[in-house]
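Q: Below are the structure tokens for one structure; questions will follow.
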Amino acid sequence: MDMDQIYAAQAEIAATSAYQTVTAFFDGGSFCEIDAFAKSGEGFAEVVAGFGTVEGLPVYAFAQNSDIAGGAMSKAQAAKLKKLYKLALKTGAPVVGFYNSVGGRLAQGTELLAGCGEVLNLVSKLSGAVPQLSVVTGVCLGTNALAAVSADFVIMTEEAQLSLDVTGKNADAAANAANGTASLIVKDAAEAAAKARELVCYLPSNNLVPAPESEEAQPHADHNCIVSKTVDGGSKFKIADAFGDAARIRLARLGGRVVGVVRTVSKELDAPSAEKAAKFVRFCDAFSLPVITFADCGGFADLKSACRLTSAYAEATTVKIAVVVGKAIGSAYVALAGTGANADVVYAYPDAVISPVNVEAAAFIMAPDKMKVPFEQQKAVAEQFAQENLSAYNAAQNGYVDGIVEEAGLREALLSALDMLAGKRVPTVAKKHGTV
């Protein structure tokens, strides 16, 4: 084949939407394609794959090529993806997948199934070793959907209607957000790629290196959110806000270092909220990102999910810092900030309340005489009792809180704790994995 034919083939591939998606995702001029001329039947393989940099960070990426056979999965596409995943595992770099495929080349029969199975196997092997992001911009069905949702984070576009489904029931984008499958839903493919680039910059390349640091920025002191008032200004990356509203999870920077943030918000943790927080804590632990928990929680609403969240915190050996910013009641305190969480450092606001049961029940049990007031006064009496007898100061006197900090001093306290815990090492019991 002469060079004119090679140039023509390159031009044909470069004109496809998938190639343009990948090159737009990477830093300009950094994309290096893998198996550029691989064939699937008479045409080129239905995926563009390769490596490059995002803000100077090494990343692997692929985009299913809907311009070729609708991006259908084939043994050729599977072979390309397997090579990319193996390289990512060898070199320790994140993988970003752009999904847009009508399904699979079913005429390939068992060869197709074998290729799909090998891809899924490699996706599983990479889990916890290198970060994986999925960007769903179109149809994503069957084994494609299984691979996509196996990633650590899933970004979907509003255009991806009737997509990302393995059941055949045609789940839509809103349903995938509501059940926690999608981490983010954005307007279009361009915004999805921009969000993926932003997210990559918060993630370590692999589980053996730290996340990239940045210049420290002062927090937004005038913001209403305690997290925004504490972390570096402009550094908060929101995740899964459409799912489980009793907990908020964020990636952020504190003193230039990436941390995971879990914030519970003044009510019982329902199943979706607890599940979301548990998955996030496990991700942070896999990649040694410190977890900072802002606890204000009245307990759990669901036993099974509470067990999973408790297990996630207990098993995590990464740095764990808890701050009780409101009420921490019963099992919620134990799981998020107490002995169950095995937190390294626990802080509390001066007006925080730590109680084995809700404050009114505690007042009736511990000070029944004080509660012999008219019903409409009982809540106020119970709150006063809690401030006097279930306060952060009382907990600190008994060694259950390491320090009492005011909002103005919280950032410095957290920065000091992160510095002190930077060298944390925890030997673990020899076992394959937990079963919760």
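Residue numbers start at 1 in each chain; chains themselves are named A, B, ... in the order of the structure tokens; ligands are numbered from 1 in the order shown.
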I'd like the neighbourhood of range 215-225 of chain A as a list in words, where a residue qualifies if any of its atoms comes within 10 Å (using only C-alpha atoms), though same-chain residues fewer than 2 positions away should be ignored.
A: Glu213, Val227, Ser228, Lys229, Thr230, Val231, Asp232, Gly233, Gly234, Ser235, Arg253, Leu254, Gly255, Gly256, Arg257, Ala408 and Arg411 of chain A
Q: For Leu81 in chain A, find every residue with an atom within 8 Å (counting only C-alpha atoms), except residues of its own chain fewer than 5 positions away, and show them as a list of chain:residue names.
A: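 Here the qualifying residues turn out to be A:Ala49, A:Phe62, A:Val119.
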Q: How would the residues just chosen look if you wrote them out with all heavy atoms as a PDB file, in the first residue's frame?
A:
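So again08.pdb came out as:
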ATOM      1  N   ALA A  49      -9.559   4.368  19.499  1.00  0.00           N
ATOM      2  CA  ALA A  49      -8.939   4.186  20.819  1.00  0.00           C
ATOM      3  C   ALA A  49      -7.508   4.685  20.791  1.00  0.00           C
ATOM      4  O   ALA A  49      -6.832   4.641  19.755  1.00  0.00           O
ATOM      5  CB  ALA A  49      -8.972   2.712  21.212  1.00  0.00           C
ATOM      6  N   PHE A  62     -11.356   5.830  24.631  1.00  0.00           N
ATOM      7  CA  PHE A  62     -11.910   5.264  23.405  1.00  0.00           C
ATOM      8  C   PHE A  62     -13.285   5.870  23.176  1.00  0.00           C
ATOM      9  O   PHE A  62     -13.947   6.329  24.107  1.00  0.00           O
ATOM     10  CB  PHE A  62     -12.002   3.733  23.477  1.00  0.00           C
ATOM     11  CG  PHE A  62     -12.975   3.213  24.492  1.00  0.00           C
ATOM     12  CD1 PHE A  62     -14.324   3.053  24.200  1.00  0.00           C
ATOM     13  CD2 PHE A  62     -12.534   2.857  25.774  1.00  0.00           C
ATOM     14  CE1 PHE A  62     -15.215   2.559  25.141  1.00  0.00           C
ATOM     15  CE2 PHE A  62     -13.421   2.371  26.723  1.00  0.00           C
ATOM     16  CZ  PHE A  62     -14.769   2.224  26.400  1.00  0.00           C
ATOM     17  N   VAL A 119     -13.724  -8.244  27.478  1.00  0.00           N
ATOM     18  CA  VAL A 119     -13.734  -6.811  27.799  1.00  0.00           C
ATOM     19  C   VAL A 119     -14.247  -6.585  29.221  1.00  0.00           C
ATOM     20  O   VAL A 119     -13.640  -5.848  30.014  1.00  0.00           O
ATOM     21  CB  VAL A 119     -14.585  -6.031  26.781  1.00  0.00           C
ATOM     22  CG1 VAL A 119     -14.835  -4.604  27.268  1.00  0.00           C
ATOM     23  CG2 VAL A 119     -13.903  -6.005  25.424  1.00  0.00           C
TER      24      VAL A 119
END
Q: Just the alpha helix (DSSP H) stuff from range 140-324 of chain A, please, per backbone DSSP, written as a ChimeraX atom specification.
A: /A:142-149,173-178,189-200,226-230,271-286,303-315
Q: If we count only C-alpha atoms and set the cut-off at 12 Å, which residues sit around Cys297 in chain A, ignoring sequence neighbours fewer than 5 positions away in its own chain? Please answer as a ChimeraX atom specification.
A: /A:246-247,262-270,273-274,323-337,352-355,357-358
Q: Counting only C-alpha atoms, what is within 9 Å of Pro204 in chain A, bar same-chain residues fewer than 3 positions away, as number ranges by chain?
A: A: 93-94, 130-131, 200-201, 207-212, 287-289
Q: Give me the residues near range 8-22 of chain A as an mmCIF file with C-alpha atoms, in the first residue's frame, where near means some atom within 9 Å (using only C-alpha atoms) and where sequence neighbours in that chain fewer than 4 positions away do not count.
A:
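Final output, part39.cif:
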data_model
loop_
_atom_site.group_PDB
_atom_site.id
_atom_site.type_symbol
_atom_site.label_atom_id
_atom_site.label_comp_id
_atom_site.auth_asym_id
_atom_site.auth_seq_id
_atom_site.Cartn_x
_atom_site.Cartn_y
_atom_site.Cartn_z
ATOM 1 C CA MET A 3 1.334 6.474 1.196
ATOM 2 C CA ASP A 4 -1.568 7.991 -0.726
ATOM 3 C CA PHE A 26 -7.376 15.273 24.824
ATOM 4 C CA PHE A 31 -3.647 11.951 20.911
ATOM 5 C CA ALA A 36 -5.740 2.867 13.819
ATOM 6 C CA PHE A 37 -6.296 0.705 10.740
ATOM 7 C CA PHE A 44 -12.643 -0.124 9.902
ATOM 8 C CA VAL A 47 -14.171 2.231 17.829
ATOM 9 C CA VAL A 48 -11.407 4.832 17.974
ATOM 10 C CA ALA A 49 -8.939 4.186 20.819
ATOM 11 C CA GLY A 50 -5.659 5.587 22.027
ATOM 12 C CA ALA A 61 -9.670 6.875 25.975
ATOM 13 C CA PHE A 62 -11.910 5.264 23.405
ATOM 14 C CA ALA A 63 -15.028 6.348 21.548
ATOM 15 C CA GLN A 64 -17.469 3.969 19.913
ATOM 16 C CA ASN A 65 -17.806 5.042 16.304
ATOM 17 C CA SER A 66 -21.494 5.392 15.473
ATOM 18 C CA ASP A 67 -20.507 6.390 11.920
ATOM 19 C CA ILE A 68 -19.350 2.801 11.295
ATOM 20 C CA PHE A 98 -17.312 7.371 25.203
ATOM 21 C CA ASN A 100 -22.546 5.360 21.514
ATOM 22 C CA ALA A 189 -21.613 15.725 24.352
ATOM 23 C CA ALA A 190 -19.380 18.798 24.526
ATOM 24 C CA ALA A 193 -16.352 15.762 27.576
#
Q: Can you tell me, as a PyMOL selection string, which residues in range 276-404 of chain A count as strand (DSSP E or B) by DSSP?
A: chain A and resi 291-300+320-329+345-348+353-355+391+403-404
Q: Which residues are close to Arg282 in chain A, i.e. within 10 Å by only C-alpha atoms, leaving aside same-chain residues fewer than 2 positions away? Reply as a PDB file with N, CA, C and O atoms, in the first residue's frame.
A:
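This is the output file out21.pdb:
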ATOM      1  N   GLY A 128     -10.408  -0.349  40.824  1.00  0.00           N
ATOM      2  CA  GLY A 128      -9.587  -0.179  42.023  1.00  0.00           C
ATOM      3  C   GLY A 128      -8.110  -0.044  41.745  1.00  0.00           C
ATOM      4  O   GLY A 128      -7.335   0.279  42.644  1.00  0.00           O
ATOM      5  N   ALA A 277     -23.206   7.104  49.502  1.00  0.00           N
ATOM      6  CA  ALA A 277     -22.047   7.429  50.336  1.00  0.00           C
ATOM      7  C   ALA A 277     -21.119   6.235  50.479  1.00  0.00           C
ATOM      8  O   ALA A 277     -19.888   6.380  50.448  1.00  0.00           O
ATOM      9  N   ALA A 278     -21.681   5.027  50.617  1.00  0.00           N
ATOM     10  CA  ALA A 278     -20.855   3.826  50.762  1.00  0.00           C
ATOM     11  C   ALA A 278     -19.999   3.596  49.533  1.00  0.00           C
ATOM     12  O   ALA A 278     -18.791   3.311  49.626  1.00  0.00           O
ATOM     13  N   LYS A 279     -20.590   3.711  48.353  1.00  0.00           N
ATOM     14  CA  LYS A 279     -19.830   3.520  47.111  1.00  0.00           C
ATOM     15  C   LYS A 279     -18.714   4.548  46.998  1.00  0.00           C
ATOM     16  O   LYS A 279     -17.586   4.231  46.599  1.00  0.00           O
ATOM     17  N   PHE A 280     -19.008   5.785  47.365  1.00  0.00           N
ATOM     18  CA  PHE A 280     -18.017   6.851  47.260  1.00  0.00           C
ATOM     19  C   PHE A 280     -16.862   6.630  48.237  1.00  0.00           C
ATOM     20  O   PHE A 280     -15.690   6.822  47.884  1.00  0.00           O
ATOM     21  N   CYS A 284     -12.894   6.245  47.288  1.00  0.00           N
ATOM     22  CA  CYS A 284     -11.825   7.040  47.897  1.00  0.00           C
ATOM     23  C   CYS A 284     -10.789   6.146  48.562  1.00  0.00           C
ATOM     24  O   CYS A 284      -9.577   6.394  48.466  1.00  0.00           O
ATOM     25  N   ASP A 285     -11.242   5.105  49.233  1.00  0.00           N
ATOM     26  CA  ASP A 285     -10.308   4.206  49.901  1.00  0.00           C
ATOM     27  C   ASP A 285      -9.445   3.465  48.891  1.00  0.00           C
ATOM     28  O   ASP A 285      -8.242   3.298  49.098  1.00  0.00           O
ATOM     29  N   ALA A 286     -10.032   3.023  47.772  1.00  0.00           N
ATOM     30  CA  ALA A 286      -9.278   2.288  46.759  1.00  0.00           C
ATOM     31  C   ALA A 286      -8.116   3.118  46.225  1.00  0.00           C
ATOM     32  O   ALA A 286      -7.054   2.584  45.899  1.00  0.00           O
ATOM     33  N   PHE A 287      -8.309   4.447  46.139  1.00  0.00           N
ATOM     34  CA  PHE A 287      -7.281   5.310  45.575  1.00  0.00           C
ATOM     35  C   PHE A 287      -6.649   6.237  46.615  1.00  0.00           C
ATOM     36  O   PHE A 287      -6.039   7.250  46.276  1.00  0.00           O
ATOM     37  N   SER A 288      -6.808   5.862  47.891  1.00  0.00           N
ATOM     38  CA  SER A 288      -6.143   6.555  49.002  1.00  0.00           C
ATOM     39  C   SER A 288      -6.435   8.053  49.044  1.00  0.00           C
ATOM     40  O   SER A 288      -5.564   8.860  49.393  1.00  0.00           O
ATOM     41  N   LEU A 289      -7.655   8.430  48.690  1.00  0.00           N
ATOM     42  CA  LEU A 289      -8.074   9.815  48.849  1.00  0.00           C
ATOM     43  C   LEU A 289      -8.627  10.002  50.265  1.00  0.00           C
ATOM     44  O   LEU A 289      -9.503   9.237  50.686  1.00  0.00           O
ATOM     45  N   VAL A 291     -10.932  10.976  53.277  1.00  0.00           N
ATOM     46  CA  VAL A 291     -12.382  11.191  53.358  1.00  0.00           C
ATOM     47  C   VAL A 291     -12.677  12.109  54.532  1.00  0.00           C
ATOM     48  O   VAL A 291     -12.313  11.805  55.678  1.00  0.00           O
ATOM     49  N   LEU A 309     -22.955   1.015  54.522  1.00  0.00           N
ATOM     50  CA  LEU A 309     -22.212   2.250  54.775  1.00  0.00           C
ATOM     51  C   LEU A 309     -21.276   2.075  55.964  1.00  0.00           C
ATOM     52  O   LEU A 309     -20.121   2.511  55.928  1.00  0.00           O
ATOM     53  N   SER A 311     -19.919  -0.673  56.968  1.00  0.00           N
ATOM     54  CA  SER A 311     -18.815  -1.512  56.521  1.00  0.00           C
ATOM     55  C   SER A 311     -17.818  -0.731  55.673  1.00  0.00           C
ATOM     56  O   SER A 311     -16.602  -0.903  55.805  1.00  0.00           O
ATOM     57  N   ALA A 312     -18.335   0.155  54.799  1.00  0.00           N
ATOM     58  CA  ALA A 312     -17.450   0.940  53.943  1.00  0.00           C
ATOM     59  C   ALA A 312     -16.511   1.806  54.775  1.00  0.00           C
ATOM     60  O   ALA A 312     -15.297   1.865  54.517  1.00  0.00           O
ATOM     61  N   TYR A 313     -17.056   2.475  55.781  1.00  0.00           N
ATOM     62  CA  TYR A 313     -16.216   3.304  56.650  1.00  0.00           C
ATOM     63  C   TYR A 313     -15.273   2.452  57.487  1.00  0.00           C
ATOM     64  O   TYR A 313     -14.080   2.769  57.634  1.00  0.00           O
ATOM     65  N   GLU A 315     -13.996  -0.536  56.952  1.00  0.00           N
ATOM     66  CA  GLU A 315     -12.930  -1.199  56.199  1.00  0.00           C
ATOM     67  C   GLU A 315     -11.948  -0.229  55.571  1.00  0.00           C
ATOM     68  O   GLU A 315     -10.822  -0.599  55.261  1.00  0.00           O
ATOM     69  N   ALA A 316     -12.352   0.998  55.367  1.00  0.00           N
ATOM     70  CA  ALA A 316     -11.484   1.963  54.696  1.00  0.00           C
ATOM     71  C   ALA A 316     -10.253   2.268  55.543  1.00  0.00           C
ATOM     72  O   ALA A 316     -10.361   2.610  56.716  1.00  0.00           O
ATOM     73  N   THR A 317      -9.078   2.151  54.930  1.00  0.00           N
ATOM     74  CA  THR A 317      -7.829   2.439  55.636  1.00  0.00           C
ATOM     75  C   THR A 317      -7.231   3.780  55.223  1.00  0.00           C
ATOM     76  O   THR A 317      -6.185   4.167  55.713  1.00  0.00           O
ATOM     77  N   THR A 318      -7.900   4.475  54.313  1.00  0.00           N
ATOM     78  CA  THR A 318      -7.429   5.802  53.947  1.00  0.00           C
ATOM     79  C   THR A 318      -7.628   6.761  55.122  1.00  0.00           C
ATOM     80  O   THR A 318      -8.273   6.424  56.119  1.00  0.00           O
TER      81      THR A 318
END
Q: Give me, as an MDAnalysis selection string, all polymer residues having an atom no more than 12 Å from Thr157 in chain A, counting only C-alpha atoms and skipping those fewer than 5 positions away in the same chain.
A: chainID A and resid 98:100 134:140 162:164 172:174 176:177 182:196
